[in-house]
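Enquirer: Take this structure, written in structure tokens, and hold onto it; I'll ask about it next.
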Amino acid sequence: MKPGRGLAYAAFATVCVVWGTTYLAIRIAVETIPPLLLTGIRYTAAGLIMLGLARMRRESFPRDLRTLANLVLIGTLMAGVGNLAVVIAEQWVPSGMAALLVATAPFWATLIERLHANGERIDRRSAVGMLVGFTGVGLLVTPSGSAGHLDKHFLIGAVIMQLGSIGWQWGTARAKYSIRGVPFVTSIGLQMFFGGLICDAVGLAIGEGSRFVVNVRTGTALIYLALFGSVLAYSAYIYAVGHIPTAQMTLYAYVNPLVAVLLGWLVLSERLTVVSIMAMVVILAGVAIVQTSTIRRRGAVRPEDGIEEQHAA
């Protein structure tokens with residue numbers, strides 16, 4: 001194996017493992033840190049680090065007000081709606097199940113893509129995949145599928161996560177069609193920074209500052225999310241997607257939930273039932289059908305298209 005190829009697969013392994021662990025880290029961090037400030041601090045810090053890297057790379061910063069406004073909106077949709085929804089939901093939803101609910105993101109991506117003027121049509125294979133996937137979600141929100149966690153808060157969390165998926169995919173679609181000429185690292189850094197800053201402002205405005213408590217356990221989780229979940233894994237993804245075939249890169253979408261479910265079971269003793277395992281298999285089968293259909297239609301997926309999957313990064 002060539003050295004560059006080996007590094008690419010190491011980066012891919014990093015994405016598979018680290019993004020899968022972020023659900024556990026969120027579940028731990030939210031024990032004492034309020035959702036908005038948890039999301040805001042994490043993304044503000046990650047954004048500043050990415051912007052520092054962009055400056056080291058001598059990337060140019062956008063000065064056009066319309067471009068900056070789009071970056072603010074995209075950051076708000078992806079961090080302030082998409083990832084915040086995961087954080088809010090994980091106050092009631094076990095981390096492994098949260099990862100499975102997020103796995104439906106490709107379905108929303110397909111629907112939002114269809115709504116765009118130049119978007120792709122939904123073929124029969126994609127429609128079947130979405131139906132299969134949402135059937136798995138239906139299994140997950142039953143008493144047996146939720147492993148005894150089913151109550152109004154669990155259901156609210158499940159709905160919030162689907163709304164978050166819509167926000168994340170809407171932000172991604174807007175970035176795909178509205179952002180032009182902004183260097184990639186700079187674009188990601190500004191999106192993270194603006195999205196985090198808005199979460200910080202809203203969190204402080206509604207009084208989360210008085211409830212902000214950090215101990216060794218939750219503080220470590222927050223640092224892990226910012227440095228490893230956002231900066232390291234994202235950088236690894238960008239490197240890997242440029243060196244590994246698309247068909248292989250899409251495998252991370254299946255590995256992440258498996259890692260999250262396993263860690264939730266091992267570390268937090270989150271229960272697994274036969275029905276919840278069945279739900280996981282059905283959801284991932286639906287994702288596989290939709291993604292293989294997308295790959296067949298496009299022939300190849302561009303790096304910026306591959307970033308459409310929602311994650312906890």
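We label chains A, B, ... in the order they appear in the structure tokens, count residues from 1 in each chain, and number ligands from 1 in the order shown.
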Counting only C-alpha atoms, what is within 9 Å of stretch 157-159 of chain A, bar same-chain residues fewer than 2 positions away, as number ranges by chain?

Expert: A: 85-86, 88-93, 98, 101, 137, 141, 152-155, 161-164

Enquirer: Next, the residues of the selection above should be written as a tab-separated table (two decimals), in the first residue's frame with N, CA and C atoms.

Expert:
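Result file follows (out-v7.tsv):
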```
chain	number	residue	atom	x	y	z
A	85	ALA	N	-30.20	20.00	17.95
A	85	ALA	CA	-31.30	19.06	18.11
A	85	ALA	C	-30.82	17.75	18.72
A	86	VAL	N	-29.63	17.29	18.31
A	86	VAL	CA	-29.07	16.06	18.88
A	86	VAL	C	-28.80	16.24	20.37
A	88	ILE	N	-30.16	18.43	22.49
A	88	ILE	CA	-31.41	18.54	23.24
A	88	ILE	C	-32.04	17.15	23.42
A	89	ALA	N	-32.10	16.40	22.33
A	89	ALA	CA	-32.75	15.08	22.37
A	89	ALA	C	-32.01	14.12	23.29
A	90	GLU	N	-30.69	14.21	23.35
A	90	GLU	CA	-29.93	13.26	24.17
A	90	GLU	C	-30.09	13.51	25.67
A	91	GLN	N	-30.87	14.51	26.05
A	91	GLN	CA	-31.25	14.63	27.46
A	91	GLN	C	-32.22	13.51	27.83
A	92	TRP	N	-32.92	12.96	26.82
A	92	TRP	CA	-33.93	11.93	27.08
A	92	TRP	C	-33.72	10.66	26.26
A	93	VAL	N	-33.03	10.77	25.13
A	93	VAL	CA	-32.85	9.63	24.23
A	93	VAL	C	-31.46	9.04	24.43
A	98	ALA	N	-30.02	7.66	19.58
A	98	ALA	CA	-29.89	8.97	18.93
A	98	ALA	C	-29.13	8.82	17.61
A	101	LEU	N	-31.43	7.41	15.02
A	101	LEU	CA	-32.39	8.39	14.53
A	101	LEU	C	-31.73	9.37	13.57
A	137	VAL	N	-37.48	3.44	11.96
A	137	VAL	CA	-37.70	4.47	12.99
A	137	VAL	C	-38.98	4.17	13.76
A	141	VAL	N	-39.40	3.58	17.99
A	141	VAL	CA	-40.21	4.37	18.93
A	141	VAL	C	-41.40	3.56	19.44
A	152	LYS	N	-43.22	10.48	26.81
A	152	LYS	CA	-43.43	11.67	25.98
A	152	LYS	C	-42.12	12.39	25.67
A	153	HIS	N	-41.16	12.35	26.61
A	153	HIS	CA	-39.88	13.00	26.36
A	153	HIS	C	-39.08	12.27	25.28
A	154	PHE	N	-39.14	10.94	25.28
A	154	PHE	CA	-38.45	10.16	24.25
A	154	PHE	C	-39.04	10.49	22.88
A	155	LEU	N	-40.38	10.55	22.80
A	155	LEU	CA	-41.03	10.86	21.53
A	155	LEU	C	-40.71	12.28	21.07
A	161	MET	N	-35.06	15.41	16.75
A	161	MET	CA	-33.91	14.97	15.97
A	161	MET	C	-34.24	14.93	14.48
A	162	GLN	N	-35.47	14.60	14.13
A	162	GLN	CA	-35.84	14.63	12.71
A	162	GLN	C	-35.91	16.07	12.20
A	163	LEU	N	-36.41	16.99	13.03
A	163	LEU	CA	-36.41	18.41	12.66
A	163	LEU	C	-34.96	18.91	12.52
A	164	GLY	N	-34.10	18.42	13.41
A	164	GLY	CA	-32.69	18.79	13.32
A	164	GLY	C	-32.06	18.27	12.05
```

Enquirer: Which residues are close to stretch 208-220 of chain A, i.e. within 8 Å by only C-alpha atoms, leaving aside same-chain residues fewer than 4 positions away? Reply as a tab-separated table (two decimals) with C-alpha atoms, in the first residue's frame.

Expert:
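Saved the output as part.tsv:
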```tsv
chain	number	residue	atom	x	y	z
A	28	ILE	CA	-22.12	12.73	29.06
A	29	ALA	CA	-21.58	16.47	28.52
A	30	VAL	CA	-25.29	17.30	28.69
A	31	GLU	CA	-25.41	15.89	32.24
A	32	THR	CA	-24.33	19.30	33.59
A	33	ILE	CA	-23.94	21.63	30.60
A	34	PRO	CA	-27.12	23.22	29.13
A	36	LEU	CA	-27.32	25.77	23.84
A	37	LEU	CA	-24.08	26.59	25.65
A	203	GLY	CA	-28.19	30.37	25.60
A	204	LEU	CA	-27.02	33.32	27.68
A	224	TYR	CA	-13.33	15.99	23.19
```

Enquirer: Of the candidates A:Pro143, A:Gly229, A:Gly171, A:Pro257, which shows the shortest atom-to-atom distance to A:Gln191, using only C-alpha atoms?

Expert: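 Of the candidates, the smallest distance to A:Gln191 is held by A:Gly171.
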
Enquirer: Go through A:Arg27, A:Arg42, A:Arg58, A:Arg5 one by one, measure the shortest atom-to-atom distance of each to A:Leu197 using only C-alpha atoms, and give the residue with the smallest value.

Expert: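 Answer, going by the shortest atom-to-atom distance: A:Arg42.
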
Enquirer: Under the rule that only C-alpha atoms are counted, which of A:Val231, A:Val274, A:Ala226, A:Ala175 is the nearest residue to A:Ala147?

Expert: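 Checking each of A:Val231, A:Val274, A:Ala226, A:Ala175 against A:Ala147, counting only C-alpha atoms, the winner is A:Val274.
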
Enquirer: How many Å separate atom CA of A:Leu51 from atom CA of A:His243?

Expert: 23.8 Å

Enquirer: For atom CA of A:Leu71 and atom CA of A:Ile179, quote the distance in Å rounded to one decimal.

Expert: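 One can read the atom CA of A:Leu71 to atom CA of A:Ile179 distance as 7.8 Å.
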
Enquirer: As a PyMOL selection string, please: all residues of stretch 120-209 of chain A that backbone DSSP puts in helix (DSSP H, G or I).

Expert: chain A and resi 124-140+152-178+184-205+208-209
